[in-house]
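What follows is target-v2.tsv (TSV, C-alpha atoms).
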chain	number	residue	atom	x	y	z
Z	1	MET	CA	78.72	72.05	100.79
Z	2	LYS	CA	77.35	74.78	98.53
Z	3	LYS	CA	79.51	73.56	95.67
Z	4	ILE	CA	78.36	69.99	96.19
Z	5	LEU	CA	74.73	71.14	96.25
Z	6	LEU	CA	75.10	73.00	92.97
Z	7	ILE	CA	76.77	70.00	91.35
Z	8	LEU	CA	73.93	67.77	92.49
Z	9	ILE	CA	71.38	70.24	91.14
Z	10	LEU	CA	73.19	70.21	87.83
Z	11	GLY	CA	73.46	66.43	87.78
Z	12	THR	CA	69.82	65.75	88.55
Z	13	GLY	CA	68.30	68.89	87.09
Z	14	LEU	CA	69.98	68.79	83.70
Z	15	PHE	CA	70.55	65.15	82.96
Z	16	LEU	CA	67.53	63.60	84.61
Z	17	THR	CA	65.20	65.65	82.47
Z	18	PRO	CA	63.89	64.41	79.11
Z	19	ASN	CA	66.23	66.77	77.31
Z	20	PHE	CA	66.53	64.57	74.26
Z	21	SER	CA	62.97	63.43	74.08
Z	22	PHE	CA	62.20	63.62	70.41
Z	23	GLY	CA	58.90	64.97	69.25
Z	24	GLN	CA	59.22	68.21	67.31
Z	25	GLY	CA	56.64	66.95	64.83
Z	26	CYS	CA	56.59	64.72	61.78
Z	27	VAL	CA	60.40	64.66	61.41
Z	28	ALA	CA	61.22	63.45	64.91
Z	29	ILE	CA	59.10	60.37	64.49
Z	30	ARG	CA	58.71	59.36	68.12
Z	31	GLN	CA	59.90	60.13	71.61
Z	32	PHE	CA	63.43	59.01	72.31
Z	33	SER	CA	66.31	59.86	74.57
Z	34	GLY	CA	69.89	58.80	75.10
Z	35	VAL	CA	71.41	56.82	77.93
Z	36	GLY	CA	73.32	59.59	79.68
Z	37	ASN	CA	70.56	62.15	80.08
Z	38	ALA	CA	69.03	60.13	82.89
Z	39	VAL	CA	72.22	59.28	84.75
Z	40	GLY	CA	74.29	62.46	84.72
Z	41	GLN	CA	74.54	62.39	88.47
Z	42	GLY	CA	76.43	59.09	88.28
Z	43	ASN	CA	79.81	60.81	88.80
Z	44	PHE	CA	78.64	62.16	92.15
Z	45	GLN	CA	76.99	58.98	93.36
Z	46	THR	CA	78.75	56.37	95.39
Z	47	ALA	CA	78.49	52.70	94.59
Z	48	GLY	CA	75.01	51.47	95.45
Z	49	ASP	CA	73.16	54.77	94.95
Z	50	TRP	CA	69.97	54.89	92.86
Z	51	ASN	CA	68.29	57.57	90.75
Z	52	LEU	CA	64.58	57.38	89.95
Z	53	SER	CA	63.01	59.88	87.57
Z	54	LEU	CA	59.68	60.58	85.92
Z	55	ASN	CA	59.93	62.64	82.73
Z	56	TYR	CA	56.98	64.17	80.87
Z	57	ARG	CA	57.05	65.81	77.44
Z	58	TYR	CA	54.35	67.57	75.38
Z	59	PHE	CA	54.26	69.24	71.98
Z	60	ARG	CA	51.82	70.32	69.28
Z	61	SER	CA	53.16	70.36	65.71
Z	62	PHE	CA	51.29	72.20	62.97
Z	63	ARG	CA	53.68	74.42	60.95
Z	64	HIS	CA	54.63	72.88	57.60
Z	65	PHE	CA	58.11	73.20	56.11
Z	66	ARG	CA	59.82	72.08	52.89
Z	67	GLY	CA	63.48	72.53	53.54
Z	68	THR	CA	63.67	75.62	55.75
Z	69	HIS	CA	60.79	77.30	53.92
Z	70	GLU	CA	57.55	77.50	55.87
Z	71	GLU	CA	54.22	77.08	54.07
Z	72	PRO	CA	51.81	79.36	55.98
Z	73	SER	CA	49.08	78.71	53.41
Z	74	ARG	CA	48.51	75.30	54.98
Z	75	ILE	CA	47.21	76.97	58.14
Z	76	GLU	CA	45.33	79.64	56.19
Z	77	ASN	CA	43.57	76.95	54.09
Z	78	ASN	CA	42.94	74.66	57.07
Z	79	THR	CA	44.92	71.86	55.42
Z	80	GLU	CA	47.68	71.61	58.04
Z	81	VAL	CA	48.37	68.34	59.82
Z	82	ILE	CA	48.33	68.66	63.60
Z	83	ASN	CA	50.04	66.23	65.97
Z	84	TRP	CA	49.55	66.29	69.73
Z	85	SER	CA	52.04	64.15	71.62
Z	86	HIS	CA	52.33	63.27	75.31
Z	87	GLY	CA	55.27	61.15	76.44
Z	88	VAL	CA	56.27	59.79	79.84
Z	89	ASP	CA	59.62	58.13	80.60
Z	90	LEU	CA	60.20	56.12	83.77
Z	91	ASN	CA	63.96	55.93	84.37
Z	92	VAL	CA	65.88	53.86	86.89
Z	93	SER	CA	69.65	54.28	87.15
Z	94	TYR	CA	72.15	52.64	89.48
Z	95	ALA	CA	75.78	53.43	90.32
Z	96	PHE	CA	77.81	50.21	90.32
Z	97	THR	CA	80.88	52.24	91.29
Z	98	ASN	CA	81.58	55.94	91.70
Z	99	ARG	CA	82.18	56.12	87.94
Z	100	PHE	CA	80.26	53.25	86.32
Z	101	TYR	CA	76.47	53.50	86.05
Z	102	GLY	CA	73.57	51.72	84.36
Z	103	LEU	CA	70.10	52.76	83.21
Z	104	ILE	CA	66.74	51.30	82.21
Z	105	SER	CA	64.25	53.67	80.58
Z	106	LEU	CA	60.61	52.64	80.13
Z	107	PRO	CA	58.74	55.07	77.83
Z	108	PHE	CA	55.01	55.47	77.26
Z	109	ALA	CA	53.24	57.69	74.73
Z	110	TYR	CA	49.81	59.00	73.82
Z	111	ASN	CA	49.41	60.66	70.41
Z	112	GLU	CA	46.66	62.30	68.40
Z	113	ARG	CA	46.87	63.31	64.74
Z	114	SER	CA	44.36	65.55	62.93
Z	115	SER	CA	44.32	65.86	59.15
Z	116	LEU	CA	42.22	66.25	56.02
Z	117	TYR	CA	44.30	64.36	53.46
Z	118	GLU	CA	44.22	61.08	55.39
Z	119	HIS	CA	40.39	61.13	55.53
Z	120	GLY	CA	39.33	61.69	51.96
Z	121	ARG	CA	40.21	65.41	52.02
Z	122	ASP	CA	36.58	66.41	52.66
Z	123	SER	CA	36.47	66.55	56.45
Z	124	ARG	CA	39.01	66.65	59.27
Z	125	HIS	CA	39.32	63.68	61.63
Z	126	LYS	CA	41.77	62.33	64.20
Z	127	THR	CA	43.76	59.13	64.51
Z	128	TYR	CA	45.31	57.86	67.75
Z	129	SER	CA	48.07	55.72	69.21
Z	130	GLN	CA	48.93	54.95	72.81
Z	131	GLY	CA	50.98	52.52	74.86
Z	132	LEU	CA	54.52	51.37	75.50
Z	133	ALA	CA	57.25	52.83	73.27
Z	134	ASP	CA	60.76	51.45	72.61
Z	135	LEU	CA	62.57	50.52	75.84
Z	136	ARG	CA	66.21	51.58	76.35
Z	137	ILE	CA	68.88	49.95	78.48
Z	138	GLY	CA	72.48	51.04	78.76
Z	139	ALA	CA	75.52	51.94	80.82
Z	140	GLY	CA	78.13	54.66	80.99
Z	141	TYR	CA	81.47	55.51	82.52
Z	142	TRP	CA	82.89	58.82	83.79
Z	143	LEU	CA	86.36	59.23	82.31
Z	144	PHE	CA	88.09	60.94	85.24
Z	145	SER	CA	88.29	60.12	88.90
Z	146	ASP	CA	86.69	62.51	91.37
Z	147	LYS	CA	89.87	62.45	93.46
Z	148	PRO	CA	91.46	64.94	93.60
Z	149	GLU	CA	88.44	67.25	93.33
Z	150	ARG	CA	87.92	68.27	89.71
Z	151	LYS	CA	86.20	71.21	88.06
Z	152	GLY	CA	84.44	68.93	85.59
Z	153	ASN	CA	84.13	65.52	84.02
Z	154	MET	CA	83.05	63.68	80.87
Z	155	ALA	CA	81.22	60.38	80.39
Z	156	LEU	CA	80.76	57.92	77.54
Z	157	GLY	CA	77.88	55.48	77.31
Z	158	LEU	CA	76.52	52.62	75.20
Z	159	GLY	CA	72.97	51.37	75.06
Z	160	LEU	CA	70.41	49.21	73.32
Z	161	LYS	CA	67.00	50.25	72.00
Z	162	LEU	CA	64.61	47.31	72.10
Z	163	PRO	CA	61.65	47.13	69.66
Z	164	THR	CA	59.01	46.97	72.41
Z	165	GLY	CA	56.77	49.70	70.97
Z	166	ASP	CA	54.02	48.85	68.49
Z	167	TYR	CA	55.36	49.84	65.06
Z	168	ALA	CA	52.12	48.95	63.25
Z	169	ALA	CA	49.59	50.74	65.46
Z	170	LYS	CA	46.19	51.16	63.83
Z	171	SER	CA	43.32	53.59	64.06
Z	172	THR	CA	40.09	54.43	62.19
Z	173	PHE	CA	40.39	56.43	58.97
Z	174	PHE	CA	37.23	58.00	57.57
Z	175	ASN	CA	36.04	58.45	53.97
Z	176	VAL	CA	38.75	56.17	52.54
Z	177	GLY	CA	36.89	52.91	51.92
Z	178	PRO	CA	34.31	51.87	49.31
Z	179	ASN	CA	31.50	54.43	48.99
Z	180	GLY	CA	33.21	56.68	51.51
Z	181	SER	CA	33.24	54.14	54.31
Z	182	SER	CA	35.79	54.08	57.13
Z	183	GLU	CA	38.66	51.61	57.44
Z	184	ILE	CA	41.12	50.50	60.09
Z	185	ARG	CA	44.64	51.34	58.89
Z	186	THR	CA	48.13	51.83	60.28
Z	187	VAL	CA	48.67	55.34	61.59
Z	188	ASP	CA	51.24	57.77	60.25
Z	189	GLN	CA	54.89	57.14	61.05
Z	190	SER	CA	55.04	60.27	63.21
Z	191	ILE	CA	52.71	58.76	65.83
Z	192	GLN	CA	53.81	55.13	65.68
Z	193	LEU	CA	54.93	53.95	69.13
Z	194	GLY	CA	58.06	52.16	67.90
Z	195	ASP	CA	60.13	51.66	64.76
Z	196	GLY	CA	60.50	47.88	64.80
Z	197	GLY	CA	64.29	47.90	64.87
Z	198	LEU	CA	66.85	46.66	67.37
Z	199	GLY	CA	69.11	49.68	67.67
Z	200	TRP	CA	72.20	50.65	69.59
Z	201	MET	CA	73.40	54.06	70.63
Z	202	VAL	CA	76.52	55.92	71.67
Z	203	ASP	CA	76.11	58.60	74.29
Z	204	THR	CA	78.28	61.31	75.81
Z	205	GLN	CA	77.88	64.03	78.41
Z	206	GLY	CA	80.03	66.43	80.40
Z	207	ILE	CA	79.98	69.32	82.87
Z	208	TRP	CA	82.54	71.94	83.92
Z	209	GLU	CA	82.54	74.57	86.65
Z	210	LEU	CA	83.49	77.90	85.05
Z	211	LYS	CA	83.26	79.89	88.26
Z	212	GLN	CA	81.38	79.59	91.51
Z	213	GLY	CA	77.75	78.82	90.72
Z	214	LEU	CA	78.23	78.81	86.92
Z	215	TYR	CA	78.58	75.56	84.95
Z	216	ALA	CA	78.85	74.58	81.29
Z	217	TYR	CA	77.32	71.32	80.14
Z	218	TYR	CA	76.85	69.22	77.03
Z	219	SER	CA	75.23	65.90	76.16
Z	220	GLY	CA	74.48	64.05	72.96
Z	221	PHE	CA	73.70	60.70	71.41
Z	222	TYR	CA	73.42	58.92	68.08
Z	223	LEU	CA	71.04	56.00	67.57
Z	224	PHE	CA	72.10	53.40	65.00
Z	225	ASN	CA	69.13	51.55	63.49
Z	226	PRO	CA	70.61	48.98	61.08
Z	227	ARG	CA	67.25	47.49	60.07
Z	228	ASN	CA	66.16	48.72	56.65
Z	229	THR	CA	62.33	48.71	56.66
Z	230	ASN	CA	59.85	47.26	59.15
Z	231	GLY	CA	57.09	45.97	56.84
Z	232	THR	CA	54.47	48.46	58.06
Z	233	PRO	CA	52.39	49.97	55.22
Z	234	THR	CA	52.22	53.76	55.01
Z	235	ASN	CA	49.08	53.98	52.83
Z	236	ARG	CA	50.89	56.61	50.77
Z	237	SER	CA	50.39	56.92	47.01
Z	238	ARG	CA	54.03	56.80	45.92
Z	239	PRO	CA	55.29	53.19	45.48
Z	240	SER	CA	58.73	54.12	46.81
Z	241	GLU	CA	57.09	55.19	50.08
Z	242	ALA	CA	54.80	52.19	50.56
Z	243	ILE	CA	56.69	50.76	53.55
Z	244	MET	CA	58.05	52.55	56.63
Z	245	SER	CA	61.79	52.98	57.04
Z	246	VAL	CA	63.67	52.37	60.31
Z	247	PRO	CA	65.78	55.54	60.57
Z	248	ASP	CA	68.70	56.59	62.74
Z	249	GLN	CA	68.23	59.50	65.14
Z	250	PHE	CA	70.59	62.03	66.74
Z	251	ALA	CA	70.69	64.90	69.21
Z	252	LEU	CA	73.20	67.34	70.67
Z	253	ARG	CA	72.65	69.73	73.57
Z	254	ALA	CA	74.91	72.30	75.27
Z	255	GLY	CA	74.59	75.35	77.46
Z	256	PHE	CA	75.02	76.87	80.90
Z	257	PHE	CA	73.58	76.36	84.37
Z	258	TYR	CA	73.64	79.01	87.08
Z	259	GLY	CA	72.77	78.41	90.72
Z	260	ILE	CA	71.03	81.30	92.45
Z	261	LYS	CA	72.70	82.03	95.79
Z	262	PRO	CA	69.82	83.84	97.55
Z	263	VAL	CA	67.40	80.95	96.89
Z	264	HIS	CA	68.77	77.67	98.21
Z	265	GLY	CA	68.41	74.92	95.57
Z	266	LEU	CA	67.26	77.12	92.65
Z	267	GLY	CA	69.05	77.23	89.30
Z	268	PHE	CA	68.50	78.54	85.79
Z	269	ILE	CA	69.41	76.84	82.51
Z	270	LEU	CA	70.08	78.39	79.11
Z	271	GLY	CA	71.35	76.39	76.19
Z	272	GLY	CA	70.78	75.17	72.68
Z	273	ARG	CA	69.98	71.85	71.10
Z	274	ALA	CA	69.89	70.21	67.69
Z	275	GLU	CA	68.00	66.99	66.96
Z	276	GLY	CA	66.78	65.13	63.96
Z	277	VAL	CA	66.56	62.21	61.56
Z	278	PRO	CA	69.29	61.79	58.90
Z	279	VAL	CA	68.61	61.25	55.21
Z	280	ARG	CA	70.79	58.12	55.22
Z	281	ASP	CA	71.59	55.73	58.07
Z	282	LEU	CA	75.24	55.25	58.98
Z	283	LEU	CA	74.80	51.45	58.98
Z	284	GLY	CA	72.54	49.36	56.78
Z	285	GLU	CA	70.17	50.34	53.99
Z	286	SER	CA	67.88	53.38	54.10
Z	287	GLU	CA	64.97	52.39	51.91
Z	288	GLY	CA	61.29	53.02	52.58
Z	289	PHE	CA	59.48	56.12	53.80
Z	290	ARG	CA	60.95	58.55	56.31
Z	291	ARG	CA	60.75	62.29	56.90
Z	292	PRO	CA	64.37	63.35	57.42
Z	293	GLY	CA	65.26	66.73	58.84
Z	294	TYR	CA	66.36	68.55	61.95
Z	295	VAL	CA	65.38	71.21	64.48
Z	296	ILE	CA	67.69	73.72	66.15
Z	297	SER	CA	66.26	75.26	69.33
Z	298	VAL	CA	67.15	77.62	72.15
Z	299	GLU	CA	66.44	75.97	75.48
Z	300	PRO	CA	65.67	77.95	78.63
Z	301	GLY	CA	64.84	76.11	81.84
Z	302	ILE	CA	64.58	76.25	85.60
Z	303	SER	CA	65.53	73.68	88.22
Z	304	TYR	CA	64.79	73.41	91.93
Z	305	MET	CA	66.26	70.90	94.36
Z	306	LEU	CA	64.83	70.09	97.78
Z	307	GLY	CA	66.80	67.44	99.61
Z	308	ASN	CA	67.35	64.56	97.19
Z	309	VAL	CA	64.39	65.49	94.98
Z	310	THR	CA	64.83	67.73	91.93
Z	311	ALA	CA	62.14	69.26	89.71
Z	312	THR	CA	63.10	70.69	86.32
Z	313	VAL	CA	61.16	72.42	83.55
Z	314	ASN	CA	62.69	73.34	80.21
Z	315	VAL	CA	61.01	74.68	77.08
Z	316	PRO	CA	63.03	74.31	73.85
Z	317	ILE	CA	61.87	76.95	71.34
Z	318	ALA	CA	62.48	76.18	67.67
Z	319	LEU	CA	64.73	78.59	65.76
Z	320	VAL	CA	65.48	76.54	62.62
Z	321	ARG	CA	63.27	73.81	61.18
Z	322	ASN	CA	64.41	71.94	58.09
Z	323	ARG	CA	62.60	69.08	56.36
Z	324	THR	CA	65.41	67.81	54.15
Z	325	GLN	CA	64.87	65.97	50.88
Z	326	SER	CA	64.54	62.23	51.48
Z	327	LEU	CA	66.05	59.44	49.39
Z	328	THR	CA	62.61	58.65	47.96
Z	329	ASP	CA	62.19	62.33	47.06
Z	330	ILE	CA	65.53	62.28	45.27
Z	331	ALA	CA	64.76	59.01	43.45
Z	332	ASP	CA	61.34	60.25	42.29
Z	333	SER	CA	62.63	63.64	41.11
Z	334	THR	CA	63.34	64.58	37.50
Z	335	PRO	CA	65.29	67.52	36.06
Z	336	THR	CA	62.00	69.35	35.50
Z	337	ASP	CA	60.08	68.13	38.56
Z	338	VAL	CA	61.92	68.16	41.87
Z	339	VAL	CA	60.08	66.23	44.57
Z	340	HIS	CA	60.49	67.50	48.14
Z	341	GLY	CA	58.06	66.30	50.79
Z	342	ASP	CA	57.00	68.49	53.69
Z	343	ALA	CA	56.70	67.93	57.43
Z	344	ALA	CA	54.89	69.61	60.31
Z	345	PHE	CA	56.95	71.01	63.19
Z	346	ALA	CA	56.16	72.37	66.65
Z	347	ASP	CA	57.01	75.86	67.83
Z	348	TYR	CA	58.18	74.56	71.21
Z	349	LEU	CA	58.28	71.59	73.56
Z	350	VAL	CA	57.39	71.40	77.23
Z	351	ASN	CA	59.61	69.08	79.27
Z	352	PHE	CA	59.10	68.37	82.96
Z	353	SER	CA	61.15	66.06	85.16
Z	354	LEU	CA	60.87	64.92	88.76
Z	355	ALA	CA	63.94	63.03	89.99
Z	356	TRP	CA	64.75	61.32	93.28
Z	357	ARG	CA	68.29	60.41	94.24
Z	358	ILE	CA	68.40	57.55	96.76
Z	359	PRO	CA	71.76	57.36	98.55
Z	360	ARG	CA	73.22	53.99	99.46
Z	361	LYS	CA	72.96	54.86	103.12
Z	362	ALA	CA	69.33	54.86	104.19
Z	363	PRO	CA	68.06	58.20	105.53
Z	364	GLU	CA	67.73	58.44	109.30
Z	365	ILE	CA	63.94	58.46	109.08
Z	366	PHE	CA	64.05	54.94	107.64
Z	367	ASN	CA	66.53	53.80	110.26
Z	368	THR	CA	64.17	54.89	113.03
Z	369	LEU	CA	61.42	52.71	111.55
Z	370	LYS	CA	63.47	49.53	111.74

As a first step, turn the structure in this file into structure tokens.
Amino acid sequence: MKKILLILILGTGLFLTPNFSFGQGCVAIRQFSGVGNAVGQGNFQTAGDWNLSLNYRYFRSFRHFRGTHEEPSRIENNTEVINWSHGVDLNVSYAFTNRFYGLISLPFAYNERSSLYEHGRDSRHKTYSQGLADLRIGAGYWLFSDKPERKGNMALGLGLKLPTGDYAAKSTFFNVGPNGSSEIRTVDQSIQLGDGGLGWMVDTQGIWELKQGLYAYYSGFYLFNPRNTNGTPTNRSRPSEAIMSVPDQFALRAGFFYGIKPVHGLGFILGGRAEGVPVRDLLGESEGFRRPGYVISVEPGISYMLGNVTATVNVPIALVRNRTQSLTDIADSTPTDVVHGDAAFADYLVNFSLAWRIPRKAPEIFNTLK
């Protein structure tokens, strides 16, 4: 029973959290997660079981990088761009069999962006976006049977990203119109609610028991966004960056989970993760404006399970931040003038998840109410 409890903690506590929620700043252009991170308990469910989870994510990005070089002068001169992002994912997963599961993820976001350069460079103002982001739906399959009892398992998943989020959200920009008047314009790509593309993703995850109470885990996904550009104006000065791109995204996460014996239901998580936006998409064209790059983070966390409810908090802390040179940067560069745009990154994320596993058999308390 103790082993089963620890496995359930791992399944709900690690994979039901928003571990791949993007949002490290201007590079990770919007919140996003894979299929498997919300259904990792599927191997330990029986057919007919449900998982419901509420995932919250917050970050504040403000440190500017070109490549891996930070530009501290932006903060010193008060010219940094600051993004505040709050994201909530509502996830519903269902086990069709002991090994085959499905998921629907409904994301919402609220974003604020503070800058000088977008408001005439004379005074700092904020722009906003809020509402439904891009919905995900998918399914996965655990590769190995749970009989006989195994020390671990791996799953593969496929999913669709639907363009339900507003990819041309607008806000008020000050000091940019005639005679310094304000105008309603599309907000920066980093706080757009969607990307306007119908995407598909491949997803994988796995866990292994190394010794009693100690587990290794991994999970990752790649989002294919074949659409080239989405027609949304960027209001940027360079003609090559006039329209927003629809970029791919990726993430990989791995680490260890340890269940604490003296405290029933408590576990600690320590791992690493890498996430980002590639310079070129694997499928389709890659024109338009994007901020490619990646973040590598160390990810401590804590998980507590009480009955069928699991609460998890993890805080990825950035170790490496790299705003890579985009295709438009490369195209606009000359031998004597290399163009390399910057991006603002966060120091850390705060991820919180509350998950409820609903077994196929109704609890006794519900049976007594019939």

Subject >> Shell of 7 Å around Ala169 of chain Z, all atoms listed in the file, local chain residues under 2 positions omitted, as an MDAnalysis selection string >> reply: chainID Z and resid 129 166:167 186:187 192

Subject >> For Arg291 of chain Z: contacts at 12 Å, only C-alpha atoms, fewer than 4 positions along chain excluded, given as an MDAnalysis selection string >> reply: chainID Z and resid 25:30 65:67 188:190 241 244:249 276:280 286:287 322:329 340:345

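Atom CA of Gly194 of chain Z lies 8.4 Å from atom CA of Leu132 of chain Z.
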
Compile a residue-level contact table for segment 122-232 of chain Z against segment 92-102 of chain Z at a cut-off of 8 Å, reporting for every qualifying residue the shortest atom pair and its distance in Å to one decimal, with all atoms listed in the file counted, rows ordered by chain and ascending number, as JSON lines.
{"residue": "Z:Ile137", "atom": "CA", "partner": "Z:Gly102", "partner_atom": "CA", "distance": 7.7}
{"residue": "Z:Gly138", "atom": "CA", "partner": "Z:Gly102", "partner_atom": "CA", "distance": 5.7}
{"residue": "Z:Ala139", "atom": "CA", "partner": "Z:Gly102", "partner_atom": "CA", "distance": 4.0}
{"residue": "Z:Gly140", "atom": "CA", "partner": "Z:Tyr101", "partner_atom": "CA", "distance": 5.5}
{"residue": "Z:Tyr141", "atom": "CA", "partner": "Z:Phe100", "partner_atom": "CA", "distance": 4.6}
{"residue": "Z:Trp142", "atom": "CA", "partner": "Z:Arg99", "partner_atom": "CA", "distance": 5.0}
{"residue": "Z:Leu143", "atom": "CA", "partner": "Z:Arg99", "partner_atom": "CA", "distance": 7.7}
{"residue": "Z:Ser145", "atom": "CA", "partner": "Z:Arg99", "partner_atom": "CA", "distance": 7.4}

Subject >> From Z:Thr232, Z:Leu54, Z:Met154, Z:Asn111, residue lying nearest Thr204 of chain Z [only C-alpha atoms] >> reply: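 Nearest to Thr204 of chain Z: Z:Met154.
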
Original post:
So how far away is atom CA of Asp337 of chain Z from atom CA of Val295 of chain Z, in Å?
Top reply: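 That distance, rounded to one decimal, is 26.6 Å.
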
Original post:
Restricting the calculation to all atoms listed in the file, which member of Z:Ile191, Z:Leu135, Z:Ile82, Z:Leu210 is positioned closest to Tyr110 of chain Z?
Top reply: Z:Ile191

Original post:
How many Å separate atom CA of Tyr128 of chain Z from atom CA of Val350 of chain Z?
Top reply: 20.5 Å

**OP:** Check the smallest atom-to-atom distance from each of Z:Ala274, Z:Val81, Z:Ala331, Z:Leu160 to Pro239 of chain Z using all atoms listed in the file, then report the winner.
**Re:**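 Checking each candidate against Pro239 of chain Z, we get Z:Ala331 as the closest.
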
**OP:** Would you list the contacts of Phe173 of chain Z as a PyMOL selection string, taking every protein, DNA or RNA residue within 9 Å and counting only C-alpha atoms, but skipping same-chain residues closer than 5 positions in sequence?
**Re:** chain Z and resi 118-120+125-127+181-185+187

**OP:** Using only C-alpha atoms, find the one residue out of Z:His86, Z:His69, Z:Arg124, Z:Arg113 that sits nearest to Tyr56 of chain Z.
**Re:**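 Closest to Tyr56 of chain Z of all the choices is Z:His86.
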
Can you pull out the residues contacting Ala251 of chain Z? Cut-off 8 Å, using only C-alpha atoms, and skip same-chain residues under 2 positions away; I want them as a compact mmCIF listing (two decimals) with C-alpha atoms, in the coordinates of the input.
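out-v2.txt was written with the following content:
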# COMPACT_ATOMS: atom_id res chain seq x y z
CA PHE Z 20 66.53 64.57 74.26
CA GLY Z 220 74.48 64.05 72.96
CA PHE Z 221 73.70 60.70 71.41
CA TYR Z 222 73.42 58.92 68.08
CA GLN Z 249 68.23 59.50 65.14
CA ARG Z 253 72.65 69.73 73.57
CA ARG Z 273 69.98 71.85 71.10
CA ALA Z 274 69.89 70.21 67.69
CA GLU Z 275 68.00 66.99 66.96
CA GLY Z 276 66.78 65.13 63.96

Quick one: everything within 6 Å of segment 304-315 of chain Z, counting all atoms listed in the file, minus sequence neighbours fewer than 3 positions away in the same chain. Send it as an mmCIF file with C-alpha atoms, in the coordinates of the input.
data_model
loop_
_atom_site.group_PDB
_atom_site.id
_atom_site.type_symbol
_atom_site.label_atom_id
_atom_site.label_comp_id
_atom_site.auth_asym_id
_atom_site.auth_seq_id
_atom_site.Cartn_x
_atom_site.Cartn_y
_atom_site.Cartn_z
ATOM 1 C CA GLY Z 13 68.300 68.890 87.090
ATOM 2 C CA GLY Z 265 68.410 74.920 95.570
ATOM 3 C CA LEU Z 266 67.260 77.120 92.650
ATOM 4 C CA GLU Z 299 66.440 75.970 75.480
ATOM 5 C CA PRO Z 300 65.670 77.950 78.630
ATOM 6 C CA GLY Z 301 64.840 76.110 81.840
ATOM 7 C CA LEU Z 349 58.280 71.590 73.560
ATOM 8 C CA VAL Z 350 57.390 71.400 77.230
ATOM 9 C CA ASN Z 351 59.610 69.080 79.270
ATOM 10 C CA PHE Z 352 59.100 68.370 82.960
ATOM 11 C CA SER Z 353 61.150 66.060 85.160
ATOM 12 C CA LEU Z 354 60.870 64.920 88.760
ATOM 13 C CA ALA Z 355 63.940 63.030 89.990
ATOM 14 C CA TRP Z 356 64.750 61.320 93.280
ATOM 15 C CA ARG Z 357 68.290 60.410 94.240
#
